[in-house]
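J.: Okay, so here is final.txt, and as you'll see once you scroll down, it has compact mmCIF, C-alpha atoms.
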```
# COMPACT_ATOMS: atom_id res chain seq x y z
CA MET A 361 72.09 -49.48 36.42
CA VAL A 362 68.81 -47.91 35.12
CA PRO A 363 69.04 -46.91 31.42
CA ASN A 364 69.16 -43.18 30.67
CA VAL A 365 65.86 -43.39 28.71
CA ILE A 366 63.95 -44.78 31.67
CA ARG A 367 65.54 -42.32 34.04
CA ARG A 368 64.30 -39.39 31.92
CA ILE A 369 60.62 -40.41 32.39
CA THR A 370 59.94 -38.99 35.82
CA PRO A 371 56.58 -39.44 37.57
CA ARG A 372 55.79 -35.80 36.84
CA LYS A 373 56.30 -36.15 33.09
CA LEU A 374 54.33 -39.39 33.08
CA LEU A 375 51.38 -37.64 34.72
CA GLN A 376 51.47 -34.86 32.14
CA LYS A 377 51.35 -37.37 29.28
CA VAL A 378 48.40 -39.19 30.85
CA ILE A 379 46.49 -35.90 31.17
CA VAL A 380 47.20 -35.04 27.52
CA ILE A 381 45.94 -38.46 26.39
CA ILE A 382 42.75 -38.16 28.44
CA PHE A 383 42.09 -34.64 27.15
CA GLY A 384 42.55 -35.82 23.58
CA LEU A 385 40.07 -38.66 24.11
CA LEU A 386 37.48 -36.22 25.48
CA LEU A 387 37.90 -33.94 22.47
CA PHE A 388 37.54 -36.93 20.16
CA ILE A 389 34.29 -38.04 21.85
CA PHE A 390 32.88 -34.51 21.76
CA GLY A 391 33.67 -34.22 18.04
CA ILE A 392 31.86 -37.47 17.31
CA HIS A 393 28.82 -36.27 19.26
CA VAL A 394 28.65 -32.99 17.30
CA PHE A 395 29.05 -34.83 14.00
CA VAL A 396 26.24 -37.28 14.79
CA THR A 397 23.94 -34.46 15.92
CA GLU A 398 24.42 -32.50 12.70
CA ARG A 399 23.83 -35.61 10.63
CA GLU A 400 20.29 -36.09 11.95
CA PRO A 401 17.66 -36.13 9.17
CA GLN A 402 16.35 -32.65 8.32
CA GLU A 403 12.92 -33.98 7.50
CA ASN A 404 11.89 -33.76 11.14
CA THR A 405 12.69 -30.05 11.20
CA LYS A 406 10.73 -29.45 7.99
CA ILE A 407 7.76 -31.40 9.31
CA LYS A 408 7.72 -29.34 12.50
CA GLU A 409 7.94 -26.12 10.49
CA ASN A 410 5.07 -27.18 8.22
CA GLU A 411 2.97 -28.13 11.22
CA ARG A 412 3.61 -24.73 12.74
CA PHE A 413 2.36 -22.89 9.64
CA ALA A 414 -0.48 -25.32 9.10
CA ASN A 415 -1.73 -24.57 12.57
CA PHE A 416 -1.51 -20.80 12.10
CA GLY A 417 -5.02 -19.40 12.15
CA MET A 418 -6.63 -22.82 12.78
CA LYS A 419 -6.00 -24.67 16.01
CA SER A 420 -4.12 -21.93 17.77
CA LYS A 421 -4.50 -19.78 20.79
CA TYR A 422 -5.54 -16.15 20.97
CA ARG A 423 -2.58 -13.86 20.39
CA LEU A 424 -1.79 -10.41 19.04
CA LEU A 425 0.76 -9.75 16.36
CA HIS A 426 2.61 -7.37 18.69
CA GLU A 427 2.75 -9.85 21.58
CA ASN A 428 4.63 -13.12 21.78
CA GLN A 429 2.73 -14.65 24.67
CA PRO A 430 -0.82 -16.01 24.30
CA ILE A 431 -3.36 -14.03 26.27
CA ARG A 432 -6.24 -16.49 26.18
CA ASN A 433 -6.59 -20.25 25.99
CA ASP A 434 -10.31 -20.70 25.48
CA ASP A 435 -10.75 -20.35 21.74
CA ASP A 436 -9.28 -21.40 18.40
CA ILE A 437 -9.01 -18.02 16.64
CA ILE A 438 -6.00 -15.76 16.20
CA TYR A 439 -6.47 -12.00 16.22
CA LEU A 440 -4.21 -10.14 13.85
CA ASP A 441 -3.57 -6.41 13.61
CA ASP A 442 -1.83 -6.16 10.24
CA GLU A 443 -1.26 -2.40 10.19
CA LEU A 444 1.35 -1.14 12.64
CA ASN A 445 0.49 2.52 12.22
CA ASN A 446 -3.09 2.48 13.38
CA VAL A 447 -4.76 2.64 16.76
CA VAL A 448 -7.34 -0.12 17.12
CA GLU A 449 -8.85 -1.58 20.25
CA ASP A 450 -7.98 -5.21 20.96
CA ASN A 451 -11.57 -6.38 20.62
CA LYS A 452 -11.71 -4.99 17.07
CA LEU A 453 -8.69 -6.79 15.68
CA GLN A 454 -9.06 -8.92 12.57
CA GLU A 455 -10.17 -12.52 13.01
CA VAL A 456 -7.77 -14.84 11.21
CA THR A 457 -9.51 -17.88 9.72
CA SER A 458 -7.04 -18.87 7.01
CA ARG A 459 -3.35 -19.27 6.39
CA PRO A 460 -1.49 -15.99 5.69
CA MET A 461 -0.38 -15.70 2.07
CA LYS A 462 0.08 -13.20 -0.76
CA ARG A 463 -3.11 -12.61 -2.73
CA LEU A 464 -4.08 -10.61 -5.78
CA PRO A 465 -5.71 -7.27 -4.85
CA ASP A 466 -9.41 -7.01 -4.12
CA ALA A 467 -9.50 -3.31 -5.00
CA LEU A 468 -7.45 -0.81 -7.01
CA ILE A 469 -7.02 2.90 -6.39
CA ILE A 470 -6.57 3.91 -10.03
CA GLY A 471 -6.35 7.71 -9.88
CA VAL A 472 -6.53 10.53 -10.43
CA LYS A 473 -3.09 12.12 -10.07
CA LYS A 474 -2.96 15.18 -7.80
CA SER A 475 -6.38 14.37 -6.34
CA GLY A 476 -5.35 12.71 -3.04
CA THR A 477 -4.83 9.03 -3.94
CA LYS A 478 -1.89 8.60 -1.55
CA THR A 479 -3.80 10.24 1.29
CA MET A 480 -6.80 8.03 0.53
CA LEU A 481 -4.70 4.88 0.82
CA GLU A 482 -2.95 5.97 4.02
CA PHE A 483 -6.29 6.80 5.64
CA LEU A 484 -7.71 3.48 4.49
CA LYS A 485 -4.75 1.55 5.92
CA ILE A 486 -5.87 2.64 9.38
CA HIS A 487 -8.45 -0.12 9.09
CA PRO A 488 -7.12 -3.43 10.49
CA ASP A 489 -8.84 -5.39 7.71
CA VAL A 490 -6.96 -3.54 4.96
CA CYS A 491 -3.43 -4.22 3.71
CA ALA A 492 -1.55 -2.69 0.79
CA PRO A 493 1.90 -2.68 -0.83
CA GLY A 494 4.12 0.23 0.09
CA ASN A 495 4.70 1.65 -3.38
CA GLU A 496 2.89 1.93 -6.69
CA VAL A 497 3.29 -1.39 -8.51
CA HIS A 498 2.46 -0.27 -12.09
CA TYR A 499 1.68 -3.84 -13.10
CA PHE A 500 -1.06 -3.05 -15.62
CA THR A 501 1.02 -0.30 -17.25
CA ARG A 502 4.79 -0.81 -17.39
CA ASN A 503 5.12 -4.28 -15.77
CA TYR A 504 2.31 -6.20 -17.46
CA HIS A 505 4.78 -8.39 -19.38
CA LYS A 506 6.11 -9.83 -16.11
CA GLY A 507 2.97 -11.90 -15.55
CA LEU A 508 0.29 -12.34 -12.94
CA GLU A 509 2.46 -14.30 -10.49
CA TRP A 510 4.97 -11.46 -10.42
CA TYR A 511 2.08 -9.15 -9.57
CA ARG A 512 0.95 -11.44 -6.76
CA ARG A 513 4.45 -11.46 -5.27
CA GLN A 514 4.35 -7.66 -4.97
CA MET A 515 1.35 -7.86 -2.64
CA PRO A 516 1.66 -7.98 1.16
CA VAL A 517 0.86 -11.11 3.14
CA SER A 518 -2.79 -11.19 4.12
CA VAL A 519 -5.47 -13.52 5.42
CA GLU A 520 -8.72 -14.43 3.72
CA ASN A 521 -10.80 -11.94 5.70
CA GLN A 522 -8.61 -8.98 4.77
CA VAL A 523 -8.94 -6.69 1.75
CA THR A 524 -5.80 -6.09 -0.31
CA VAL A 525 -5.68 -2.67 -2.00
CA GLU A 526 -3.16 -1.60 -4.63
CA ARG A 527 -2.67 2.02 -5.73
CA THR A 528 -1.26 3.19 -9.04
CA ARG A 529 -2.45 6.60 -10.23
CA ALA A 530 -1.61 6.03 -13.89
CA TYR A 531 -4.18 3.24 -14.29
CA PHE A 532 -7.16 5.57 -14.79
CA VAL A 533 -5.76 7.42 -17.82
CA HIS A 534 -3.94 4.52 -19.49
CA GLY A 535 -5.90 3.33 -22.51
CA GLU A 536 -5.02 -0.39 -22.26
CA VAL A 537 -5.41 -0.87 -18.51
CA PRO A 538 -9.21 -1.48 -18.39
CA HIS A 539 -8.97 -4.38 -20.82
CA ARG A 540 -5.91 -5.82 -19.07
CA VAL A 541 -7.58 -5.69 -15.67
CA TYR A 542 -10.74 -7.27 -17.10
CA ARG A 543 -8.72 -10.19 -18.48
CA ARG A 544 -6.89 -10.80 -15.20
CA ILE A 545 -9.24 -9.82 -12.35
CA PRO A 546 -12.72 -9.12 -13.78
CA ASN A 547 -14.53 -8.95 -10.41
CA ILE A 548 -12.19 -6.43 -8.81
CA ARG A 549 -13.44 -3.11 -7.42
CA PHE A 550 -12.06 0.36 -8.16
CA ILE A 551 -11.61 3.55 -6.16
CA VAL A 552 -11.21 6.79 -8.13
CA VAL A 553 -10.29 9.97 -6.25
CA VAL A 554 -11.32 13.08 -8.21
CA ARG A 555 -11.27 16.77 -7.43
CA ASN A 556 -12.16 20.04 -9.13
CA PRO A 557 -10.59 19.74 -12.61
CA VAL A 558 -9.43 23.37 -12.62
CA LEU A 559 -7.55 22.98 -9.33
CA ARG A 560 -6.20 19.54 -10.29
CA THR A 561 -4.90 20.90 -13.60
CA LEU A 562 -3.08 23.80 -11.94
CA LEU A 563 -1.59 21.54 -9.26
CA ASP A 564 -0.39 19.10 -11.91
CA TYR A 565 1.14 21.92 -13.95
CA ILE A 566 2.98 23.42 -10.96
CA SER A 567 4.23 19.98 -9.94
CA GLN A 568 5.65 19.40 -13.42
CA CYS A 569 7.32 22.81 -13.37
CA GLU A 570 9.00 22.03 -10.06
CA ARG A 571 10.09 18.58 -11.26
CA ASN A 572 11.45 19.82 -14.60
CA LYS A 573 12.67 23.17 -13.25
CA SER A 574 10.62 24.92 -15.91
CA LYS A 575 10.19 28.70 -15.91
CA LEU A 576 7.31 28.92 -18.37
CA SER A 577 4.67 31.49 -17.53
CA PHE A 578 1.00 30.55 -17.26
CA LYS A 579 0.37 32.09 -20.68
CA GLU A 580 3.18 30.14 -22.32
CA ALA A 581 2.11 26.87 -20.71
CA PHE A 582 -1.68 27.01 -21.19
CA PHE A 583 -2.25 28.94 -24.41
CA TRP A 584 -1.27 28.39 -28.04
CA ASN A 585 -0.07 31.99 -28.23
CA ASN A 586 -0.69 35.23 -26.42
CA ASP A 587 -2.69 36.76 -29.26
CA THR A 588 -5.46 34.23 -29.91
CA GLY A 589 -6.02 33.20 -26.29
CA PHE A 590 -6.95 29.60 -27.24
CA LEU A 591 -6.16 26.96 -24.63
CA ASP A 592 -3.59 24.36 -25.61
CA ILE A 593 -5.80 21.39 -24.75
CA SER A 594 -3.13 18.94 -25.93
CA ARG A 595 -1.27 19.49 -22.66
CA ASP A 596 -1.35 16.32 -20.55
CA PHE A 597 -2.24 18.23 -17.36
CA ILE A 598 -5.39 19.46 -19.11
CA GLN A 599 -6.27 16.13 -20.73
CA THR A 600 -5.99 14.23 -17.43
CA SER A 601 -8.75 16.42 -15.95
CA ILE A 602 -11.29 15.40 -18.62
CA TYR A 603 -12.51 12.57 -16.40
CA VAL A 604 -15.46 11.48 -18.52
CA LYS A 605 -13.20 10.57 -21.45
CA PHE A 606 -11.38 7.96 -19.36
CA LEU A 607 -14.50 6.81 -17.51
CA ASP A 608 -16.09 5.87 -20.84
CA ASN A 609 -13.18 3.53 -21.49
CA TRP A 610 -13.57 1.83 -18.10
CA LEU A 611 -17.32 1.41 -18.51
CA LYS A 612 -16.71 -0.65 -21.66
CA TYR A 613 -15.45 -3.46 -19.42
CA PHE A 614 -16.84 -2.89 -15.93
CA LYS A 615 -20.18 -2.04 -14.36
CA LEU A 616 -20.58 1.31 -12.66
CA ASP A 617 -21.27 -0.38 -9.32
CA GLN A 618 -17.69 -1.72 -9.37
CA ILE A 619 -16.35 1.85 -9.31
CA HIS A 620 -16.48 4.18 -6.31
CA PHE A 621 -15.68 7.89 -6.65
CA VAL A 622 -14.11 9.75 -3.73
CA ASN A 623 -14.46 13.53 -3.54
CA GLY A 624 -10.85 14.62 -3.17
CA ASP A 625 -11.90 18.19 -2.34
CA LYS A 626 -13.60 16.91 0.83
CA LEU A 627 -11.08 14.25 1.77
CA TYR A 628 -9.14 16.63 4.04
CA LYS A 629 -12.10 18.68 5.23
CA ASN A 630 -14.33 15.73 6.16
CA PRO A 631 -12.32 12.49 5.85
CA LEU A 632 -14.65 10.38 7.99
CA ARG A 633 -17.57 10.91 5.63
CA GLU A 634 -15.55 9.81 2.61
CA LEU A 635 -13.96 6.89 4.47
CA LYS A 636 -17.34 5.64 5.67
CA LYS A 637 -18.48 5.41 2.05
CA VAL A 638 -15.33 3.50 1.10
CA GLU A 639 -15.77 1.10 4.01
CA ASP A 640 -19.29 0.34 2.82
CA PHE A 641 -18.13 -0.04 -0.78
CA LEU A 642 -15.42 -2.56 0.23
CA SER A 643 -17.77 -4.36 2.68
CA LEU A 644 -15.53 -3.44 5.61
CA ARG A 645 -16.53 -3.02 9.22
CA ASN A 646 -17.07 0.64 10.15
CA LEU A 647 -14.08 1.04 12.45
CA ILE A 648 -12.35 4.24 11.34
CA SER A 649 -13.44 7.10 13.57
CA SER A 650 -12.37 10.55 14.73
CA GLU A 651 -10.24 8.85 17.38
CA HIS A 652 -7.75 7.90 14.66
CA PHE A 653 -7.07 11.53 13.65
CA TYR A 654 -6.05 14.82 15.13
CA TYR A 655 -5.48 18.24 13.61
CA ASN A 656 -2.10 19.93 13.93
CA THR A 657 -3.02 23.62 14.03
CA SER A 658 0.59 24.86 13.99
CA ARG A 659 1.32 23.03 10.71
CA ASP A 660 -2.23 23.16 9.31
CA THR A 661 -2.19 19.41 8.70
CA LEU A 662 -4.42 16.44 9.40
CA CYS A 663 -2.49 13.68 11.18
CA ILE A 664 -3.00 9.98 11.85
CA LYS A 665 -2.51 8.97 15.47
CA LYS A 666 0.27 6.51 16.20
CA ARG A 667 1.17 4.47 19.21
CA GLU A 668 3.72 5.96 21.57
CA CYS A 669 6.51 3.63 20.39
CA GLN A 670 6.02 4.29 16.67
CA GLY A 671 7.73 7.63 16.26
CA ARG A 672 6.42 10.73 14.52
CA PRO A 673 2.81 10.81 13.29
CA HIS A 674 1.94 10.73 9.59
CA CYS A 675 0.45 14.09 8.59
CA PHE A 676 -1.22 15.33 5.41
CA SER A 677 -2.01 18.79 4.14
CA ASP A 678 -4.51 19.82 1.49
CA SER A 679 -2.69 20.69 -1.73
CA LYS A 680 -2.72 24.43 -2.26
CA LEU A 681 -1.49 26.58 -5.14
CA LYS A 682 1.86 28.07 -4.24
CA ILE A 683 1.59 30.53 -7.13
CA PRO A 684 -1.83 32.17 -7.60
CA PRO A 685 -2.88 31.83 -11.25
CA PRO A 686 -4.34 34.77 -13.24
CA VAL A 687 -8.09 35.23 -12.96
CA TYR A 688 -8.58 35.04 -16.73
CA LEU A 689 -6.87 31.60 -16.79
CA MET A 690 -9.16 30.26 -14.08
CA LYS A 691 -12.17 31.52 -16.06
CA ARG A 692 -11.00 29.97 -19.31
CA LEU A 693 -10.31 26.62 -17.66
CA GLN A 694 -13.70 26.66 -15.92
CA ASP A 695 -15.50 27.34 -19.19
CA PHE A 696 -13.56 24.57 -20.91
CA PHE A 697 -14.24 21.89 -18.27
CA ASP A 698 -17.92 22.72 -17.59
CA PRO A 699 -19.46 20.60 -20.37
CA PHE A 700 -17.15 17.66 -19.61
CA ASN A 701 -18.04 17.91 -15.92
CA GLU A 702 -21.75 17.69 -16.73
CA LYS A 703 -21.18 14.54 -18.76
CA PHE A 704 -19.09 13.09 -15.95
CA TYR A 705 -21.87 13.73 -13.43
CA GLU A 706 -24.28 11.93 -15.74
CA LYS A 707 -22.03 8.91 -16.33
CA SER A 708 -20.89 8.55 -12.70
CA LYS A 709 -24.37 9.29 -11.29
CA GLN A 710 -22.74 11.59 -8.78
CA HIS A 711 -22.68 15.41 -8.64
CA PHE A 712 -19.61 17.25 -7.40
CA ASN A 713 -20.69 20.90 -7.87
CA TRP A 714 -17.54 21.87 -9.76
CA ASN A 715 -19.42 24.22 -12.05
CA ALA A 716 -20.59 26.49 -9.24
```
Could you write out this file's structure as structure tokens?

T.:
Amino acid sequence: MVPNVIRRITPRKLLQKVIVIIFGLLLFIFGIHVFVTEREPQENTKIKENERFANFGMKSKYRLLHENQPIRNDDDIIYLDDELNNVVEDNKLQEVTSRPMKRLPDALIIGVKKSGTKTMLEFLKIHPDVCAPGNEVHYFTRNYHKGLEWYRRQMPVSVENQVTVERTRAYFVHGEVPHRVYRRIPNIRFIVVVRNPVLRTLLDYISQCERNKSKLSFKEAFFWNNDTGFLDISRDFIQTSIYVKFLDNWLKYFKLDQIHFVNGDKLYKNPLRELKKVEDFLSLRNLISSEHFYYNTSRDTLCIKKRECQGRPHCFSDSKLKIPPPVYLMKRLQDFFDPFNEKFYEKSKQHFNWNA
């Protein structure tokens, strides 16, 4: 007789057990393969990554930043369009001759508040050779204690041929900034956007009222009292418009040819003229043209053209007084600023016709 144990193992059950054993062996072999693959030295991966970056901008093919596939094979230069918001022909893109990295700025837009500094930077960023951080960095004012390397890390990635521009409006009026900049970056260049001091003062005052929800009248804000009629020149919105006072401080450390003044009153009316001067000052190619702008008549704004896939255009309007000031206030402010304006013309060697 066949034992009961042997009789229970039918050919069918035996086949099932063989299949289970074979499947287990396959899983075991696959697990070993995965383990060995993951245990490969990581140095090879790092070496390949370093080689890839080392070759960037050196022995590489033509390519555009917005395209993944090379378009030419007959040269060793990369063309880079760093600014996504501009419209630049392919043959005018920046030539990359060095490894991309974060660099200290080549130029600073240092002021003046309510004169068009933001508009100036946005217009300048149309140029493919210009790059800039998105926000005001305030390194030389409130973040100076964090060190120069912290400042460098706030800058965008750029190549050697590009010009890095940083904008912080408070630099121009801050008493310690000129000396701090001189210690850190003595050969840097400066862009100062100025406009009619009377208009700038009123715009600054109205902006502060809106921000602080103040309901002071013009008389209460600008005069010591209603009887004497003397201007309260201690107000910061008046002091900021005495440009020559702050320029004297900057000229203690820097030569006048390191500073370029932009006429903020003409920046919206004739931006190309002002931008051409800035391009020359920064030794940039003259690439910004009327093709980069259009005027929106329905909104009364000047707009930067964008590519079709980049959404709504970036538009700017000339700052206008929402509340018309009294005529006597305009006259008093004009009389107050006139002598300071004359001194500013003399020191800056540029006439702005603000006294007319």

J.: Nearest to Gln710 of chain A among A:Val554, A:Ile486, A:Ile381, A:Ile545, with distances taken over only C-alpha atoms: which residue is it?

T.: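 The closest residue to Gln710 of chain A is A:Val554.
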
J.: Nearest residue to Lys473 of chain A out of A:Tyr603, A:Phe653, A:Phe500, A:Phe700, using all atoms listed in the file?

T.: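 The answer is A:Tyr603, which sits nearest to Lys473 of chain A.
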
J.: Atom CA of Glu570 of chain A and atom CA of Asn503 of chain A are how many Å apart?

T.: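 Answer for the atom CA of Glu570 of chain A to atom CA of Asn503 of chain A separation: 27.2 Å.
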
J.: I'd like to know which of A:His505, A:His487, A:Lys691, A:Lys579 is closest to Glu639 of chain A, using all atoms listed in the file.

T.: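 Checking each of A:His505, A:His487, A:Lys691, A:Lys579 against Glu639 of chain A, counting all atoms listed in the file, the winner is A:His487.
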
J.: Counting only C-alpha atoms, which of A:Asp489, A:Glu634, A:Glu536, A:Asp698 gets nearest to Ser601 of chain A?

T.: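 Distance minimum relative to Ser601 of chain A lands on A:Asp698.
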
J.: Would you mind listing what lies within 10 Å of His539 of chain A as a ChimeraX atom specification, with only C-alpha atoms counted and same-chain residues fewer than 2 positions away left out?

T.: /A:500,535-537,541-544,546,609-610,612-614

J.: Could you give me, as a ChimeraX atom specification, the residues within 12 Å of Gln599 of chain A, counting only C-alpha atoms and dropping anything in the same chain fewer than 4 positions from it?

T.: /A:472-473,533-534,557-558,560-561,564-565,582,591-595,603-606,693,696-697,700

J.: Quick one, how far is atom CA of Asp466 of chain A from atom CA of Thr524 of chain A?

T.: 5.3 Å

J.: Report the distance between atom CA of Lys665 of chain A and atom CA of Phe483 of chain A in Å, rounded to one decimal place.

T.: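 Here the two named atoms are 10.8 Å from each other.
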
J.: I'd like to know which of A:Asp596, A:Gly476, A:Asp625, A:Glu482 is closest to Pro673 of chain A, using only C-alpha atoms.

T.: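 Selected residue with least distance to Pro673 of chain A: A:Glu482.
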
J.: Tell me which protein, DNA and RNA residues are within 6 Å of segment 549-552 of chain A, counting only C-alpha atoms, leaving out same-chain ones fewer than 3 positions away, and put them as an NGL selection string.

T.: :A and (467-471 or 618-621)

J.: Between A:Val622, A:Gln522, A:Tyr655, A:Tyr628, which has the minimum distance to Pro460 of chain A (counting all atoms listed in the file)?

T.: A:Gln522

J.: Identify the residues within 9 Å of coordinate (-6.1, 15.0, 5.7) (same frame as the file), considering only C-alpha atoms, and give the answer as a list in words.

T.: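 Looking at atoms near the point gives Thr479, Met480, Phe483, Leu627, Tyr628, Lys629, Asn630, Pro631, Phe653, Tyr655, Thr661, Leu662, Cys663, Ile664, Cys675, Phe676, Ser677 and Asp678 of chain A.
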
J.: Residues as selected, C-alpha atoms, written as a PDB file, keeping the file's coordinate frame, can you do that?

T.:
```
ATOM      1  CA  THR A 479      -3.800  10.240   1.290  1.00  0.00           C
ATOM      2  CA  MET A 480      -6.800   8.030   0.530  1.00  0.00           C
ATOM      3  CA  PHE A 483      -6.290   6.800   5.640  1.00  0.00           C
ATOM      4  CA  LEU A 627     -11.080  14.250   1.770  1.00  0.00           C
ATOM      5  CA  TYR A 628      -9.140  16.630   4.040  1.00  0.00           C
ATOM      6  CA  LYS A 629     -12.100  18.680   5.230  1.00  0.00           C
ATOM      7  CA  ASN A 630     -14.330  15.730   6.160  1.00  0.00           C
ATOM      8  CA  PRO A 631     -12.320  12.490   5.850  1.00  0.00           C
ATOM      9  CA  PHE A 653      -7.070  11.530  13.650  1.00  0.00           C
ATOM     10  CA  TYR A 655      -5.480  18.240  13.610  1.00  0.00           C
ATOM     11  CA  THR A 661      -2.190  19.410   8.700  1.00  0.00           C
ATOM     12  CA  LEU A 662      -4.420  16.440   9.400  1.00  0.00           C
ATOM     13  CA  CYS A 663      -2.490  13.680  11.180  1.00  0.00           C
ATOM     14  CA  ILE A 664      -3.000   9.980  11.850  1.00  0.00           C
ATOM     15  CA  CYS A 675       0.450  14.090   8.590  1.00  0.00           C
ATOM     16  CA  PHE A 676      -1.220  15.330   5.410  1.00  0.00           C
ATOM     17  CA  SER A 677      -2.010  18.790   4.140  1.00  0.00           C
ATOM     18  CA  ASP A 678      -4.510  19.820   1.490  1.00  0.00           C
TER      19      ASP A 678
END
```

J.: Could you model all heavy atoms for segment 575-581 of chain A and present them as an mmCIF file, keeping the file's coordinate frame?

T.:
```
data_model
loop_
_atom_site.group_PDB
_atom_site.id
_atom_site.type_symbol
_atom_site.label_atom_id
_atom_site.label_comp_id
_atom_site.auth_asym_id
_atom_site.auth_seq_id
_atom_site.Cartn_x
_atom_site.Cartn_y
_atom_site.Cartn_z
ATOM 1 N N LYS A 575 10.496 27.312 -16.251
ATOM 2 C CA LYS A 575 10.190 28.700 -15.910
ATOM 3 C C LYS A 575 9.161 29.307 -16.853
ATOM 4 O O LYS A 575 9.081 30.520 -17.020
ATOM 5 C CB LYS A 575 11.467 29.533 -15.927
ATOM 6 C CG LYS A 575 12.481 29.105 -14.871
ATOM 7 C CD LYS A 575 13.708 30.006 -14.884
ATOM 8 C CE LYS A 575 14.715 29.574 -13.809
ATOM 9 N NZ LYS A 575 15.929 30.435 -13.799
ATOM 10 N N LEU A 576 8.352 28.434 -17.489
ATOM 11 C CA LEU A 576 7.310 28.920 -18.370
ATOM 12 C C LEU A 576 6.252 29.687 -17.580
ATOM 13 O O LEU A 576 5.889 29.292 -16.475
ATOM 14 C CB LEU A 576 6.639 27.748 -19.102
ATOM 15 C CG LEU A 576 7.425 27.073 -20.224
ATOM 16 C CD1 LEU A 576 6.634 25.883 -20.759
ATOM 17 C CD2 LEU A 576 7.727 28.050 -21.348
ATOM 18 N N SER A 577 5.760 30.744 -18.163
ATOM 19 C CA SER A 577 4.670 31.490 -17.530
ATOM 20 C C SER A 577 3.363 30.753 -17.767
ATOM 21 O O SER A 577 3.279 29.830 -18.584
ATOM 22 C CB SER A 577 4.590 32.896 -18.126
ATOM 23 O OG SER A 577 4.206 32.829 -19.491
ATOM 24 N N PHE A 578 2.306 31.164 -17.063
ATOM 25 C CA PHE A 578 1.000 30.550 -17.260
ATOM 26 C C PHE A 578 0.540 30.703 -18.712
ATOM 27 O O PHE A 578 -0.021 29.781 -19.299
ATOM 28 C CB PHE A 578 -0.026 31.158 -16.303
ATOM 29 C CG PHE A 578 0.075 30.640 -14.896
ATOM 30 C CD1 PHE A 578 0.572 31.441 -13.882
ATOM 31 C CD2 PHE A 578 -0.329 29.351 -14.599
ATOM 32 C CE1 PHE A 578 0.659 30.955 -12.588
ATOM 33 C CE2 PHE A 578 -0.234 28.847 -13.311
ATOM 34 C CZ PHE A 578 0.265 29.663 -12.297
ATOM 35 N N LYS A 579 0.778 31.880 -19.295
ATOM 36 C CA LYS A 579 0.370 32.090 -20.680
ATOM 37 C C LYS A 579 1.083 31.148 -21.623
ATOM 38 O O LYS A 579 0.497 30.550 -22.520
ATOM 39 C CB LYS A 579 0.645 33.551 -21.084
ATOM 40 C CG LYS A 579 -0.389 34.549 -20.585
ATOM 41 C CD LYS A 579 -0.123 35.912 -21.197
ATOM 42 C CE LYS A 579 -1.208 36.907 -20.786
ATOM 43 N NZ LYS A 579 -0.981 38.250 -21.409
ATOM 44 N N GLU A 580 2.390 31.005 -21.444
ATOM 45 C CA GLU A 580 3.180 30.140 -22.320
ATOM 46 C C GLU A 580 2.802 28.676 -22.173
ATOM 47 O O GLU A 580 2.880 27.901 -23.126
ATOM 48 C CB GLU A 580 4.672 30.334 -22.036
ATOM 49 C CG GLU A 580 5.209 31.700 -22.390
ATOM 50 C CD GLU A 580 6.628 31.903 -21.905
ATOM 51 O OE1 GLU A 580 6.920 31.516 -20.741
ATOM 52 O OE2 GLU A 580 7.435 32.434 -22.669
ATOM 53 N N ALA A 581 2.397 28.277 -20.966
ATOM 54 C CA ALA A 581 2.110 26.870 -20.710
ATOM 55 C C ALA A 581 0.694 26.475 -21.127
ATOM 56 O O ALA A 581 0.475 25.350 -21.582
ATOM 57 C CB ALA A 581 2.301 26.570 -19.220
#
```
